[in-house]
Each structure stands twice: as structure tokens, then as C-alpha cells.
>>> print(open('entry_9.pdb').read())   # PDB, C-alpha atoms and all ligand atoms
ATOM      1  CA  MET I   1     -39.686  19.352 -22.204  1.00  0.00           C
ATOM      2  CA  SER I   2     -36.413  17.690 -21.306  1.00  0.00           C
ATOM      3  CA  SER I   3     -34.888  17.358 -24.739  1.00  0.00           C
ATOM      4  CA  ARG I   4     -37.515  17.428 -27.455  1.00  0.00           C
ATOM      5  CA  ARG I   5     -35.078  18.618 -30.067  1.00  0.00           C
ATOM      6  CA  LEU I   6     -32.552  15.937 -29.285  1.00  0.00           C
ATOM      7  CA  ARG I   7     -35.030  13.118 -29.232  1.00  0.00           C
ATOM      8  CA  ALA I   8     -37.404  13.906 -32.032  1.00  0.00           C
ATOM      9  CA  GLU I   9     -35.496  15.973 -34.555  1.00  0.00           C
ATOM     10  CA  ALA I  10     -31.820  16.291 -35.244  1.00  0.00           C
ATOM     11  CA  PRO I  11     -30.760  19.804 -36.248  1.00  0.00           C
ATOM     12  CA  THR I  12     -29.774  20.335 -39.871  1.00  0.00           C
ATOM     13  CA  PRO I  13     -27.029  22.706 -41.095  1.00  0.00           C
ATOM     14  CA  GLY I  14     -28.204  26.334 -41.101  1.00  0.00           C
ATOM     15  CA  GLN I  15     -31.438  25.551 -39.258  1.00  0.00           C
ATOM     16  CA  LYS I  16     -32.480  28.132 -36.658  1.00  0.00           C
ATOM     17  CA  PHE I  17     -34.334  27.052 -33.538  1.00  0.00           C
ATOM     18  CA  ALA I  18     -35.360  28.446 -30.178  1.00  0.00           C
ATOM     19  CA  LEU I  19     -33.059  27.798 -27.253  1.00  0.00           C
ATOM     20  CA  GLU I  20     -34.489  25.226 -24.844  1.00  0.00           C
ATOM     21  CA  VAL I  21     -33.860  23.782 -21.396  1.00  0.00           C
ATOM     22  CA  THR I  22     -32.315  20.309 -21.403  1.00  0.00           C
ATOM     23  CA  ARG I  23     -32.715  17.936 -18.502  1.00  0.00           C
ATOM     24  CA  VAL I  24     -30.380  14.941 -18.275  1.00  0.00           C
ATOM     25  CA  CYS I  25     -32.502  11.814 -18.313  1.00  0.00           C
ATOM     26  CA  ASP I  26     -32.512   8.198 -19.419  1.00  0.00           C
ATOM     27  CA  THR I  27     -29.459   6.074 -19.840  1.00  0.00           C
ATOM     28  CA  GLY I  28     -26.252   6.891 -21.654  1.00  0.00           C
ATOM     29  CA  GLU I  29     -23.816   9.727 -21.268  1.00  0.00           C
ATOM     30  CA  TRP I  30     -24.756  13.300 -22.152  1.00  0.00           C
ATOM     31  CA  ILE I  31     -21.661  15.171 -23.283  1.00  0.00           C
ATOM     32  CA  VAL I  32     -21.671  18.929 -22.880  1.00  0.00           C
ATOM     33  CA  TYR I  33     -19.246  21.716 -23.719  1.00  0.00           C
ATOM     34  CA  VAL I  34     -19.268  24.574 -21.214  1.00  0.00           C
ATOM     35  CA  ILE I  35     -19.992  28.001 -22.712  1.00  0.00           C
ATOM     36  CA  SER I  36     -20.246  30.078 -19.537  1.00  0.00           C
ATOM     37  CA  ASP I  37     -18.095  30.100 -16.384  1.00  0.00           C
ATOM     38  CA  ARG I  38     -21.153  30.683 -14.216  1.00  0.00           C
ATOM     39  CA  TYR I  39     -24.434  28.932 -13.733  1.00  0.00           C
ATOM     40  CA  TYR I  40     -27.655  30.390 -12.413  1.00  0.00           C
ATOM     41  CA  GLY I  41     -29.386  28.818  -9.406  1.00  0.00           C
ATOM     42  CA  LEU I  42     -32.885  29.087  -7.974  1.00  0.00           C
ATOM     43  CA  PHE I  43     -35.223  27.290  -5.569  1.00  0.00           C
ATOM     44  CA  THR I  44     -38.090  25.379  -7.074  1.00  0.00           C
ATOM     45  CA  HIS I  45     -41.043  23.263  -5.965  1.00  0.00           C
ATOM     46  CA  TYR I  46     -42.212  20.150  -7.705  1.00  0.00           C
ATOM     47  CA  THR I  47     -45.987  20.557  -8.022  1.00  0.00           C
ATOM     48  CA  LYS I  48     -48.739  18.725  -9.864  1.00  0.00           C
ATOM     49  CA  GLN I  49     -48.395  21.320 -12.607  1.00  0.00           C
ATOM     50  CA  GLY I  50     -44.644  20.670 -12.887  1.00  0.00           C
ATOM     51  CA  SER I  51     -41.679  22.610 -11.532  1.00  0.00           C
ATOM     52  CA  ARG I  52     -42.491  26.056 -10.151  1.00  0.00           C
ATOM     53  CA  ALA I  53     -40.074  28.733  -8.950  1.00  0.00           C
ATOM     54  CA  CYS I  54     -40.134  29.396  -5.209  1.00  0.00           C
ATOM     55  CA  GLN I  55     -41.789  32.754  -4.602  1.00  0.00           C
ATOM     56  CA  GLY I  56     -39.593  33.660  -1.632  1.00  0.00           C
ATOM     57  CA  VAL I  57     -41.017  35.069   1.626  1.00  0.00           C
ATOM     58  CA  ASP I  58     -44.688  34.727   0.698  1.00  0.00           C
ATOM     59  CA  CYS I  59     -44.288  31.507  -1.301  1.00  0.00           C
ATOM     60  CA  ARG I  60     -47.527  29.527  -1.363  1.00  0.00           C
ATOM     61  CA  PHE I  61     -45.734  26.273  -2.185  1.00  0.00           C
ATOM     62  CA  CYS I  62     -43.193  26.430   0.672  1.00  0.00           C
ATOM     63  CA  LYS I  63     -45.715  25.200   3.290  1.00  0.00           C
ATOM     64  CA  ALA I  64     -46.689  22.108   1.346  1.00  0.00           C
ATOM     65  CA  VAL I  65     -43.850  21.112  -0.953  1.00  0.00           C
ATOM     66  CA  GLU I  66     -40.145  20.639  -0.411  1.00  0.00           C
ATOM     67  CA  LYS I  67     -37.807  23.315  -1.792  1.00  0.00           C
ATOM     68  CA  VAL I  68     -35.385  21.974  -4.385  1.00  0.00           C
ATOM     69  CA  TRP I  69     -32.431  23.865  -5.822  1.00  0.00           C
ATOM     70  CA  LYS I  70     -31.846  23.795  -9.567  1.00  0.00           C
ATOM     71  CA  GLY I  71     -29.034  25.250 -11.607  1.00  0.00           C
ATOM     72  CA  TYR I  72     -28.928  26.305 -15.252  1.00  0.00           C
ATOM     73  CA  ALA I  73     -25.939  26.761 -17.513  1.00  0.00           C
ATOM     74  CA  ALA I  74     -25.202  27.739 -21.100  1.00  0.00           C
ATOM     75  CA  VAL I  75     -23.692  24.733 -22.830  1.00  0.00           C
ATOM     76  CA  GLU I  76     -23.437  22.951 -26.132  1.00  0.00           C
ATOM     77  CA  LEU I  77     -24.772  19.417 -26.082  1.00  0.00           C
ATOM     78  CA  LEU I  78     -23.266  16.775 -28.326  1.00  0.00           C
ATOM     79  CA  HIS I  79     -25.745  15.247 -30.760  1.00  0.00           C
ATOM     80  CA  LYS I  80     -23.913  12.041 -31.607  1.00  0.00           C
ATOM     81  CA  GLU I  81     -26.077  10.922 -34.530  1.00  0.00           C
ATOM     82  CA  ALA I  82     -26.185  14.313 -36.256  1.00  0.00           C
ATOM     83  CA  LYS I  83     -22.509  14.907 -35.389  1.00  0.00           C
ATOM     84  CA  CYS I  84     -23.024  18.438 -34.107  1.00  0.00           C
ATOM     85  CA  TRP I  85     -23.001  20.538 -30.959  1.00  0.00           C
ATOM     86  CA  VAL I  86     -26.416  21.941 -30.030  1.00  0.00           C
ATOM     87  CA  PRO I  87     -26.594  25.123 -27.891  1.00  0.00           C
ATOM     88  CA  THR I  88     -28.894  24.527 -24.924  1.00  0.00           C
ATOM     89  CA  VAL I  89     -29.631  25.490 -21.317  1.00  0.00           C
ATOM     90  CA  LEU I  90     -28.477  22.572 -19.202  1.00  0.00           C
ATOM     91  CA  GLU I  91     -30.324  21.881 -15.966  1.00  0.00           C
ATOM     92  CA  LEU I  92     -28.015  20.950 -13.093  1.00  0.00           C
ATOM     93  CA  THR I  93     -29.577  19.007 -10.249  1.00  0.00           C
ATOM     94  CA  GLU I  94     -28.448  19.495  -6.637  1.00  0.00           C
ATOM     95  CA  HIS I  95     -26.521  16.250  -6.955  1.00  0.00           C
ATOM     96  CA  ALA I  96     -24.858  17.101 -10.273  1.00  0.00           C
ATOM     97  CA  GLU I  97     -23.873  20.531  -8.964  1.00  0.00           C
ATOM     98  CA  LEU I  98     -21.802  18.881  -6.243  1.00  0.00           C
ATOM     99  CA  ASP I  99     -19.704  17.306  -8.999  1.00  0.00           C
ATOM    100  CA  VAL I 100     -19.120  20.530 -10.933  1.00  0.00           C
ATOM    101  CA  ARG I 101     -18.763  22.878  -7.931  1.00  0.00           C
ATOM    102  CA  GLY I 102     -15.439  24.714  -7.896  1.00  0.00           C
ATOM    103  CA  VAL I 103     -14.383  23.042 -11.145  1.00  0.00           C
ATOM    104  CA  TRP I 104     -16.901  24.254 -13.777  1.00  0.00           C
ATOM    105  CA  LYS I 105     -15.234  26.502 -16.346  1.00  0.00           C
ATOM    106  CA  ARG I 106     -15.839  27.779 -19.875  1.00  0.00           C
ATOM    107  CA  GLY I 107     -14.243  25.488 -22.458  1.00  0.00           C
ATOM    108  CA  GLN I 108     -14.501  22.299 -20.373  1.00  0.00           C
ATOM    109  CA  MET I 109     -16.181  19.131 -21.521  1.00  0.00           C
ATOM    110  CA  TRP I 110     -18.386  17.170 -19.093  1.00  0.00           C
ATOM    111  CA  GLY I 111     -20.210  13.893 -19.261  1.00  0.00           C
ATOM    112  CA  PHE I 112     -23.492  13.597 -17.353  1.00  0.00           C
ATOM    113  CA  THR I 113     -25.248  10.365 -16.578  1.00  0.00           C
ATOM    114  CA  GLN I 114     -28.349   9.458 -14.650  1.00  0.00           C
ATOM    115  CA  ARG I 115     -27.800   6.483 -12.419  1.00  0.00           C
ATOM    116  CA  VAL I 116     -30.833   4.250 -12.274  1.00  0.00           C
ATOM    117  CA  PRO I 117     -30.889   2.442  -8.947  1.00  0.00           C
ATOM    118  CA  GLU I 118     -33.741   0.043  -8.350  1.00  0.00           C
ATOM    119  CA  GLY I 119     -36.768   1.361  -6.549  1.00  0.00           C
ATOM    120  CA  LYS I 120     -35.715   5.000  -6.641  1.00  0.00           C
ATOM    121  CA  LYS I 121     -38.140   7.437  -8.190  1.00  0.00           C
ATOM    122  CA  HIS I 122     -35.719  10.198  -9.122  1.00  0.00           C
ATOM    123  CA  PRO I 123     -32.269   8.770  -9.857  1.00  0.00           C
ATOM    124  CA  ALA I 124     -29.327  11.061  -9.202  1.00  0.00           C
ATOM    125  CA  VAL I 125     -27.498  12.776 -12.044  1.00  0.00           C
ATOM    126  CA  THR I 126     -23.713  12.714 -11.836  1.00  0.00           C
ATOM    127  CA  GLY I 127     -21.152  14.726 -13.774  1.00  0.00           C
ATOM    128  CA  GLN I 128     -17.624  13.818 -14.768  1.00  0.00           C
ATOM    129  CA  LEU I 129     -14.977  16.139 -16.198  1.00  0.00           C
ATOM    130  CA  LEU I 130     -13.773  14.787 -19.554  1.00  0.00           C
ATOM    131  CA  PRO I 131     -10.475  15.375 -21.379  1.00  0.00           C
ATOM    132  CA  PRO I 132     -10.395  18.735 -23.238  1.00  0.00           C
ATOM    133  CA  ARG I 133     -12.101  19.021 -26.615  1.00  0.00           C
ATOM    134  CA  LYS I 134      -9.775  18.994 -29.630  1.00  0.00           C
ATOM    135  CA  ASP I 135     -11.505  21.968 -31.256  1.00  0.00           C
ATOM    136  CA  PRO I 136     -10.191  24.925 -29.224  1.00  0.00           C
ATOM    137  CA  VAL I 137     -12.842  27.435 -30.390  1.00  0.00           C
ATOM    138  CA  VAL I 138     -15.250  28.282 -27.561  1.00  0.00           C
ATOM    139  CA  PRO I 139     -18.459  29.801 -28.988  1.00  0.00           C
ATOM    140  CA  ALA I 140     -19.709  33.218 -27.823  1.00  0.00           C
ATOM    141  CA  GLU I 141     -21.759  33.183 -24.617  1.00  0.00           C
ATOM    142  CA  PHE I 142     -25.537  33.417 -24.959  1.00  0.00           C
ATOM    143  CA  ASP I 143     -28.134  34.729 -22.534  1.00  0.00           C
ATOM    144  CA  ILE I 144     -30.083  31.974 -20.806  1.00  0.00           C
ATOM    145  CA  ARG I 145     -32.307  34.303 -18.727  1.00  0.00           C
ATOM    146  CA  PRO I 146     -35.128  34.773 -21.289  1.00  0.00           C
ATOM    147  CA  VAL I 147     -35.355  30.975 -21.652  1.00  0.00           C
ATOM    148  CA  LEU I 148     -35.630  30.540 -17.885  1.00  0.00           C
ATOM    149  CA  LYS I 149     -38.234  33.304 -17.568  1.00  0.00           C
ATOM    150  CA  ASN I 150     -40.361  31.467 -20.114  1.00  0.00           C
ATOM    151  CA  PHE I 151     -39.650  28.096 -18.538  1.00  0.00           C
ATOM    152  CA  TYR I 152     -40.822  29.237 -15.092  1.00  0.00           C
ATOM    153  CA  ARG I 153     -43.304  31.831 -16.384  1.00  0.00           C
ATOM    154  CA  LEU I 154     -41.640  34.679 -14.513  1.00  0.00           C
ATOM    155  CA  ILE I 155     -41.470  38.352 -15.406  1.00  0.00           C
ATOM    156  CA  GLU I 156     -38.231  38.695 -13.477  1.00  0.00           C
ATOM    157  CA  LEU I 157     -35.828  35.998 -12.354  1.00  0.00           C
ATOM    158  CA  PRO I 158     -34.963  35.996  -8.643  1.00  0.00           C
ATOM    159  CA  PRO I 159     -31.291  36.683  -7.830  1.00  0.00           C
ATOM    160  CA  THR I 160     -29.127  33.602  -8.243  1.00  0.00           C
ATOM    161  CA  VAL I 161     -28.735  31.411  -5.133  1.00  0.00           C
ATOM    162  CA  PRO I 162     -26.087  28.756  -4.474  1.00  0.00           C
ATOM    163  CA  ASN I 163     -26.953  25.095  -3.963  1.00  0.00           C
ATOM    164  CA  PRO I 164     -27.482  24.741  -0.192  1.00  0.00           C
ATOM    165  CA  LEU I 165     -26.120  21.173  -0.069  1.00  0.00           C
ATOM    166  CA  PRO I 166     -22.722  20.959   1.643  1.00  0.00           C
ATOM    167  CA  PRO I 167     -19.787  19.728  -0.449  1.00  0.00           C
ATOM    168  CA  ARG I 168     -19.146  16.017  -0.737  1.00  0.00           C
ATOM    169  CA  VAL I 169     -16.779  14.471   1.778  1.00  0.00           C
ATOM    170  CA  VAL I 170     -14.273  12.734  -0.463  1.00  0.00           C
ATOM    171  CA  VAL I 171     -12.458   9.743   1.012  1.00  0.00           C
ATOM    172  CA  GLU I 172     -10.270   6.934  -0.245  1.00  0.00           C
ATOM    173  CA  ALA I 173     -10.067   3.204   0.485  1.00  0.00           C
ATOM    174  CA  ARG I 174      -6.948   2.086   2.379  1.00  0.00           C
ATOM    175  CA  PHE I 175      -5.478  -0.955   0.722  1.00  0.00           C
ATOM    176  CA  ILE I 176      -3.952  -3.718   2.747  1.00  0.00           C
ATOM    177  CA  GLU I 177      -0.421  -4.733   1.794  1.00  0.00           C
ATOM    178  CA  THR I 178      -0.046  -8.488   1.722  1.00  0.00           C
ATOM    179  CA  PRO I 179       2.895 -10.686   0.699  1.00  0.00           C
ATOM    180  CA  GLY I 180       2.644 -11.220  -3.050  1.00  0.00           C
ATOM    181  CA  SER I 181       1.013  -7.844  -3.667  1.00  0.00           C
ATOM    182  CA  LYS I 182       2.010  -6.123  -6.918  1.00  0.00           C
ATOM    183  CA  ALA I 183       5.146  -4.402  -5.596  1.00  0.00           C
ATOM    184  CA  GLU I 184       6.628  -7.590  -4.200  1.00  0.00           C
ATOM    185  CA  GLN I 185       5.818  -9.853  -7.129  1.00  0.00           C
ATOM    186  CA  SER I 186       8.767 -11.539  -8.835  1.00  0.00           C
ATOM    187  CA  PRO I 187       8.811 -11.543 -12.672  1.00  0.00           C
ATOM    188  CA  ALA I 188       7.938 -15.243 -12.654  1.00  0.00           C
ATOM    189  CA  GLU I 189       4.861 -14.554 -10.525  1.00  0.00           C
ATOM    190  CA  SER I 190       3.821 -11.726 -12.880  1.00  0.00           C
ATOM    191  CA  ILE I 191       3.934 -14.083 -15.854  1.00  0.00           C
ATOM    192  CA  GLY I 192       1.888 -16.552 -13.837  1.00  0.00           C
ATOM    193  CA  ALA I 193      -0.652 -13.816 -13.135  1.00  0.00           C
ATOM    194  CA  GLN I 194      -0.814 -12.899 -16.838  1.00  0.00           C
ATOM    195  CA  ILE I 195      -1.509 -16.499 -17.850  1.00  0.00           C
ATOM    196  CA  LEU I 196      -4.185 -16.686 -15.188  1.00  0.00           C
ATOM    197  CA  ALA I 197      -5.768 -13.471 -16.467  1.00  0.00           C
ATOM    198  CA  GLN I 198      -5.778 -14.790 -20.037  1.00  0.00           C
ATOM    199  CA  ARG I 199      -7.440 -18.006 -18.886  1.00  0.00           C
ATOM    200  CA  LEU I 200     -10.021 -16.017 -16.972  1.00  0.00           C
ATOM    201  CA  ASN I 201     -10.792 -13.889 -20.050  1.00  0.00           C
ATOM    202  CA  ARG I 202     -11.136 -16.994 -22.187  1.00  0.00           C
ATOM    203  CA  ALA I 203     -13.424 -18.586 -19.627  1.00  0.00           C
ATOM    204  CA  LEU I 204     -15.616 -15.495 -19.639  1.00  0.00           C
ATOM    205  CA  GLU I 205     -15.815 -15.418 -23.426  1.00  0.00           C
ATOM    206  CA  THR I 206     -16.590 -19.091 -23.964  1.00  0.00           C
ATOM    207  CA  PRO I 207     -20.231 -19.171 -22.814  1.00  0.00           C
ATOM    208  CA  ARG I 208     -21.122 -16.313 -25.159  1.00  0.00           C
ATOM    209  CA  GLU I 209     -19.535 -18.077 -28.147  1.00  0.00           C
ATOM    210  CA  ALA I 210     -21.246 -21.318 -27.235  1.00  0.00           C
ATOM    211  CA  LYS I 211     -24.573 -19.498 -26.980  1.00  0.00           C
ATOM    212  CA  ASN I 212     -24.103 -17.969 -30.452  1.00  0.00           C
ATOM    213  CA  GLY I 213     -23.258 -21.383 -31.803  1.00  0.00           C
ATOM    214  CA  VAL I 214     -26.540 -22.781 -30.518  1.00  0.00           C
ATOM    215  CA  ALA I 215     -28.485 -19.829 -31.899  1.00  0.00           C
ATOM    216  CA  ASN I 216     -26.882 -20.241 -35.336  1.00  0.00           C
ATOM    217  CA  GLY I 217     -27.632 -23.952 -35.310  1.00  0.00           C
ATOM    218  CA  HIS I 218     -31.392 -23.341 -35.239  1.00  0.00           C
TER     219      HIS I 218
HETATM  220 ZN    ZN I 301     -41.230  28.347  -1.915  1.00  0.00          ZN
END
>>> encode(input="entry_9.pdb", output="C-alpha cells")
Amino acid sequence: MSSRRLRAEAPTPGQKFALEVTRVCDTGEWIVYVISDRYYGLFTHYTKQGSRACQGVDCRFCKAVEKVWKGYAAVELLHKEAKCWVPTVLELTEHAELDVRGVWKRGQMWGFTQRVPEGKKHPAVTGQLLPPRKDPVVPAEFDIRPVLKNFYRLIELPPTVPNPLPPRVVVEARFIETPGSKAEQSPAESIGAQILAQRLNRALETPREAKNGVANGH
């Protein structure tokens, strides 16, 4: 479900295929090109049968299962091996939406990764704005609603809702100024620091080389 096309079969030139939902998963960076300024959001419930759309006032899942927001956007996803951009419906998690909120715009390029902390069942997906794509042509927008209706088995999609999570509180570390910090360093000290850095690099490289040497010897 998450990315059948991108895992199993690489698209070939001229090949037509049905638009699918893509969920960021596994390791590595997923690079997307934004096709639409807006993304659609809805509440869902994770059930034994998979993700189900919240049915609103009379929702039968609301009593038993937590309500989770999910967003969907029209994007092109980079297929590195096939060297092509694949149109898809990108799923934005609550966490990933916090990264794109207020920034997301048609023509941008984003990198999404799933952090895999130990012992956590559902690792958070994070997004990072990347430098602009060299190719300035932004493809025509496509309608993601039919795909989502099929995905959630709905005749009509509920009106879009924003992610209820509050924005991130962004802070910065306050660095302590000590004598000999970068600004106060004399040229001689800088050279000393460079030599030290080179030594450190060499020291870090040596065990690997030694290891290879042993492996080759066998
Ligand atoms: Zn519900």
C-alpha cells in the first residue's frame, strides 16, 4: 500500500499507471517535488482493518480508537534508480505536517525521512526543505480526491481539516564564550587546531584501513 510501485516496479517511459497513495517509510530520504500549494487533511482511526476515516458526530471508532490527523498532497516522488519523477499522493503525518506548515508551496523540493528510534512502534516522519530543483517546469496539478475516496472507501470526502497539533516551539542553544573560542583565536592557534583536526581524522581512518588489511590477508 505504501509504495508498491516504487518498491516492486520502476516506471518505464510512456507507461501509464493509476495514481497511488505513498507513505514515507523505511530508511533513506524520500525526495518530493510539490505540485499543489494545498494539502487535504482528515481525521482517521487506526483499526484492525487498517486506517479508516473518522465518521464525524456518529463515528463508531471515536469511542474506542484514538483520532489521528493525516494530510495528503499532490507531489512527484523521485525514483532514484529509474531516474524519474513519479506523480503520487503523499501522505503527511501529524509530525511531518509541523515541518511543512506555513512553508509548503508548489515548486518546492522536500526531503522526508522516518527516524527510527529504538523501542518506538511508529517512528516520526520529518520533512526538510531542500534547495530548489534545477528544472523550473512545474507539472500541471492533478486531482487527488478520487484516489483518497478509493483509499478510504468513501463516496464523499469530508471537508478538509487542519492538523490540530500546535506549532513547534523553536528554540536555539546559547553558546558559552570562552577564552580561545573561534573569534579570539590567533592565526597560530588556528594552524594548531587544523593540525589537530588532521591528526584526529587520520586516527579515525586508521582502524578501518587496518581492518581491511586483515580481511585482505585471509
Ligand atoms: Zn471518529
>>> resolve_selection(input="entry_9.pdb", expression="the PyMOL selection byres (((not hetatm)) within 12 of (chain I and resi 301))", output="ChimeraX atom specification")
/I:42-47,51-69,158
>>> write_last_selection(input="entry_9.pdb", atoms="C-alpha atoms", output="compact mmCIF listing (two decimals), keeping the file's coordinate frame")
# COMPACT_ATOMS: atom_id res chain seq x y z
CA LEU I 42 -32.88 29.09 -7.97
CA PHE I 43 -35.22 27.29 -5.57
CA THR I 44 -38.09 25.38 -7.07
CA HIS I 45 -41.04 23.26 -5.96
CA TYR I 46 -42.21 20.15 -7.70
CA THR I 47 -45.99 20.56 -8.02
CA SER I 51 -41.68 22.61 -11.53
CA ARG I 52 -42.49 26.06 -10.15
CA ALA I 53 -40.07 28.73 -8.95
CA CYS I 54 -40.13 29.40 -5.21
CA GLN I 55 -41.79 32.75 -4.60
CA GLY I 56 -39.59 33.66 -1.63
CA VAL I 57 -41.02 35.07 1.63
CA ASP I 58 -44.69 34.73 0.70
CA CYS I 59 -44.29 31.51 -1.30
CA ARG I 60 -47.53 29.53 -1.36
CA PHE I 61 -45.73 26.27 -2.18
CA CYS I 62 -43.19 26.43 0.67
CA LYS I 63 -45.72 25.20 3.29
CA ALA I 64 -46.69 22.11 1.35
CA VAL I 65 -43.85 21.11 -0.95
CA GLU I 66 -40.15 20.64 -0.41
CA LYS I 67 -37.81 23.32 -1.79
CA VAL I 68 -35.38 21.97 -4.38
CA TRP I 69 -32.43 23.86 -5.82
CA PRO I 158 -34.96 36.00 -8.64
>>> closest_residue(input="entry_9.pdb", among="I:Thr12, I:Val86, I:Phe17, I:Tyr72", to="Val161 (chain I)", atoms="only C-alpha atoms")
I:Tyr72
>>> resolve_selection(input="entry_9.pdb", expression="the PyMOL selection byres (((chain I and resi 28) around 9) and not hetatm)", output="NGL selection string")
:I and (25-27 or 29-30 or 112-114)
>>> residues_around(input="entry_9.pdb", residues="Met109 (chain I)", least_positions_apart="2", cutoff="9 Å", atoms="only C-alpha atoms", output="list in words")
Ile31, Val32, Tyr33, Val34, Arg106, Gly107, Gly111, Gln128, Leu129, Leu130, Pro131, Pro132 and Arg133 of chain I
>>> write_last_selection(input="entry_9.pdb", atoms="C-alpha atoms", output="mmCIF file, in the frame of the given file")
data_model
loop_
_atom_site.group_PDB
_atom_site.id
_atom_site.type_symbol
_atom_site.label_atom_id
_atom_site.label_comp_id
_atom_site.auth_asym_id
_atom_site.auth_seq_id
_atom_site.Cartn_x
_atom_site.Cartn_y
_atom_site.Cartn_z
ATOM 1 C CA ILE I 31 -21.661 15.171 -23.283
ATOM 2 C CA VAL I 32 -21.671 18.929 -22.880
ATOM 3 C CA TYR I 33 -19.246 21.716 -23.719
ATOM 4 C CA VAL I 34 -19.268 24.574 -21.214
ATOM 5 C CA ARG I 106 -15.839 27.779 -19.875
ATOM 6 C CA GLY I 107 -14.243 25.488 -22.458
ATOM 7 C CA GLY I 111 -20.210 13.893 -19.261
ATOM 8 C CA GLN I 128 -17.624 13.818 -14.768
ATOM 9 C CA LEU I 129 -14.977 16.139 -16.198
ATOM 10 C CA LEU I 130 -13.773 14.787 -19.554
ATOM 11 C CA PRO I 131 -10.475 15.375 -21.379
ATOM 12 C CA PRO I 132 -10.395 18.735 -23.238
ATOM 13 C CA ARG I 133 -12.101 19.021 -26.615
#
>>> atom_distance(input="entry_9.pdb", atom1="CA of Ala96 (chain I)", atom2="CA of Leu148 (chain I)")
18.8 Å
>>> closest_residue(input="entry_9.pdb", among="I:Ile144, I:Ala124, I:Ala10, I:Val103", to="Glu81 (chain I)", atoms="only C-alpha atoms")
I:Ala10
>>> axis_aligned_box(input="entry_9.pdb", around="region 133-137 of chain I", padding_each_side="8 Å", output="lines of an AutoDock Vina configuration file")
center_x = -11.3
center_y = 23.2
center_z = -28.9
size_x = 19.1
size_y = 24.4
size_z = 20.6
>>> closest_residue(input="entry_9.pdb", among="I:Gln108, I:Phe175, I:Leu19, I:Leu157", to="Val137 (chain I)", atoms="all atoms listed in the file")
I:Gln108
>>> resolve_selection(input="entry_9.pdb", expression="the PyMOL selection byres (((chain I and resi 97-99) around 9) and not hetatm)", output="list in words")
Lys70, Gly71, Leu92, Thr93, Glu94, His95, Ala96, Val100, Arg101, Gly102, Val103, Trp104, Thr126, Gly127, Gln128, Leu129, Asn163, Leu165, Pro166, Pro167 and Arg168 of chain I
>>> atom_distance(input="entry_9.pdb", atom1="CA of Ala140 (chain I)", atom2="CA of Thr88 (chain I)")
13.0 Å
>>> atom_distance(input="entry_9.pdb", atom1="CA of Arg38 (chain I)", atom2="CA of Phe142 (chain I)")
11.9 Å
>>> closest_residue(input="entry_9.pdb", among="I:Pro123, I:Pro179, I:Pro87, I:Asn150", to="Lys16 (chain I)", atoms="all atoms listed in the file")
I:Pro87
>>> decode(input="entry_9.pdb", residues="region 144-160 of chain I", atoms="N, CA and C atoms", output="PDB file, in the first residue's frame")
ATOM      1  N   ILE I 144      -6.365  14.766  -6.456  1.00  0.00           N
ATOM      2  CA  ILE I 144      -6.052  13.632  -5.569  1.00  0.00           C
ATOM      3  C   ILE I 144      -7.313  13.057  -4.922  1.00  0.00           C
ATOM      4  N   ARG I 145      -8.448  13.775  -5.041  1.00  0.00           N
ATOM      5  CA  ARG I 145      -9.662  13.345  -4.314  1.00  0.00           C
ATOM      6  C   ARG I 145     -10.167  11.950  -4.695  1.00  0.00           C
ATOM      7  N   PRO I 146     -10.217  11.610  -6.014  1.00  0.00           N
ATOM      8  CA  PRO I 146     -10.687  10.248  -6.339  1.00  0.00           C
ATOM      9  C   PRO I 146      -9.815   9.164  -5.702  1.00  0.00           C
ATOM     10  N   VAL I 147      -8.506   9.426  -5.633  1.00  0.00           N
ATOM     11  CA  VAL I 147      -7.574   8.443  -5.048  1.00  0.00           C
ATOM     12  C   VAL I 147      -7.887   8.264  -3.560  1.00  0.00           C
ATOM     13  N   LEU I 148      -8.168   9.378  -2.887  1.00  0.00           N
ATOM     14  CA  LEU I 148      -8.451   9.314  -1.452  1.00  0.00           C
ATOM     15  C   LEU I 148      -9.810   8.676  -1.167  1.00  0.00           C
ATOM     16  N   LYS I 149     -10.774   8.915  -2.052  1.00  0.00           N
ATOM     17  CA  LYS I 149     -12.092   8.275  -1.892  1.00  0.00           C
ATOM     18  C   LYS I 149     -11.936   6.755  -1.976  1.00  0.00           C
ATOM     19  N   ASN I 150     -11.138   6.317  -2.928  1.00  0.00           N
ATOM     20  CA  ASN I 150     -10.885   4.874  -3.057  1.00  0.00           C
ATOM     21  C   ASN I 150     -10.107   4.346  -1.859  1.00  0.00           C
ATOM     22  N   PHE I 151      -9.123   5.093  -1.455  1.00  0.00           N
ATOM     23  CA  PHE I 151      -8.229   4.696  -0.362  1.00  0.00           C
ATOM     24  C   PHE I 151      -9.015   4.481   0.928  1.00  0.00           C
ATOM     25  N   TYR I 152      -9.955   5.392   1.207  1.00  0.00           N
ATOM     26  CA  TYR I 152     -10.746   5.306   2.438  1.00  0.00           C
ATOM     27  C   TYR I 152     -12.142   4.735   2.206  1.00  0.00           C
ATOM     28  N   ARG I 153     -12.417   4.326   0.981  1.00  0.00           N
ATOM     29  CA  ARG I 153     -13.717   3.761   0.609  1.00  0.00           C
ATOM     30  C   ARG I 153     -14.848   4.701   1.008  1.00  0.00           C
ATOM     31  N   LEU I 154     -14.778   5.918   0.518  1.00  0.00           N
ATOM     32  CA  LEU I 154     -15.783   6.934   0.827  1.00  0.00           C
ATOM     33  C   LEU I 154     -16.453   7.401  -0.462  1.00  0.00           C
ATOM     34  N   ILE I 155     -17.753   7.672  -0.362  1.00  0.00           N
ATOM     35  CA  ILE I 155     -18.454   8.215  -1.527  1.00  0.00           C
ATOM     36  C   ILE I 155     -18.131   9.710  -1.652  1.00  0.00           C
ATOM     37  N   GLU I 156     -18.103  10.359  -0.509  1.00  0.00           N
ATOM     38  CA  GLU I 156     -17.708  11.774  -0.474  1.00  0.00           C
ATOM     39  C   GLU I 156     -16.602  11.969   0.555  1.00  0.00           C
ATOM     40  N   LEU I 157     -15.684  12.853   0.276  1.00  0.00           N
ATOM     41  CA  LEU I 157     -14.641  13.154   1.259  1.00  0.00           C
ATOM     42  C   LEU I 157     -15.173  14.221   2.223  1.00  0.00           C
ATOM     43  N   PRO I 158     -14.896  14.078   3.513  1.00  0.00           N
ATOM     44  CA  PRO I 158     -15.297  15.149   4.439  1.00  0.00           C
ATOM     45  C   PRO I 158     -14.512  16.425   4.127  1.00  0.00           C
ATOM     46  N   PRO I 159     -15.051  17.610   4.537  1.00  0.00           N
ATOM     47  CA  PRO I 159     -14.295  18.835   4.279  1.00  0.00           C
ATOM     48  C   PRO I 159     -12.919  18.767   4.946  1.00  0.00           C
ATOM     49  N   THR I 160     -11.957  19.389   4.315  1.00  0.00           N
ATOM     50  CA  THR I 160     -10.583  19.340   4.836  1.00  0.00           C
ATOM     51  C   THR I 160     -10.506  19.954   6.239  1.00  0.00           C
TER      52      THR I 160
END
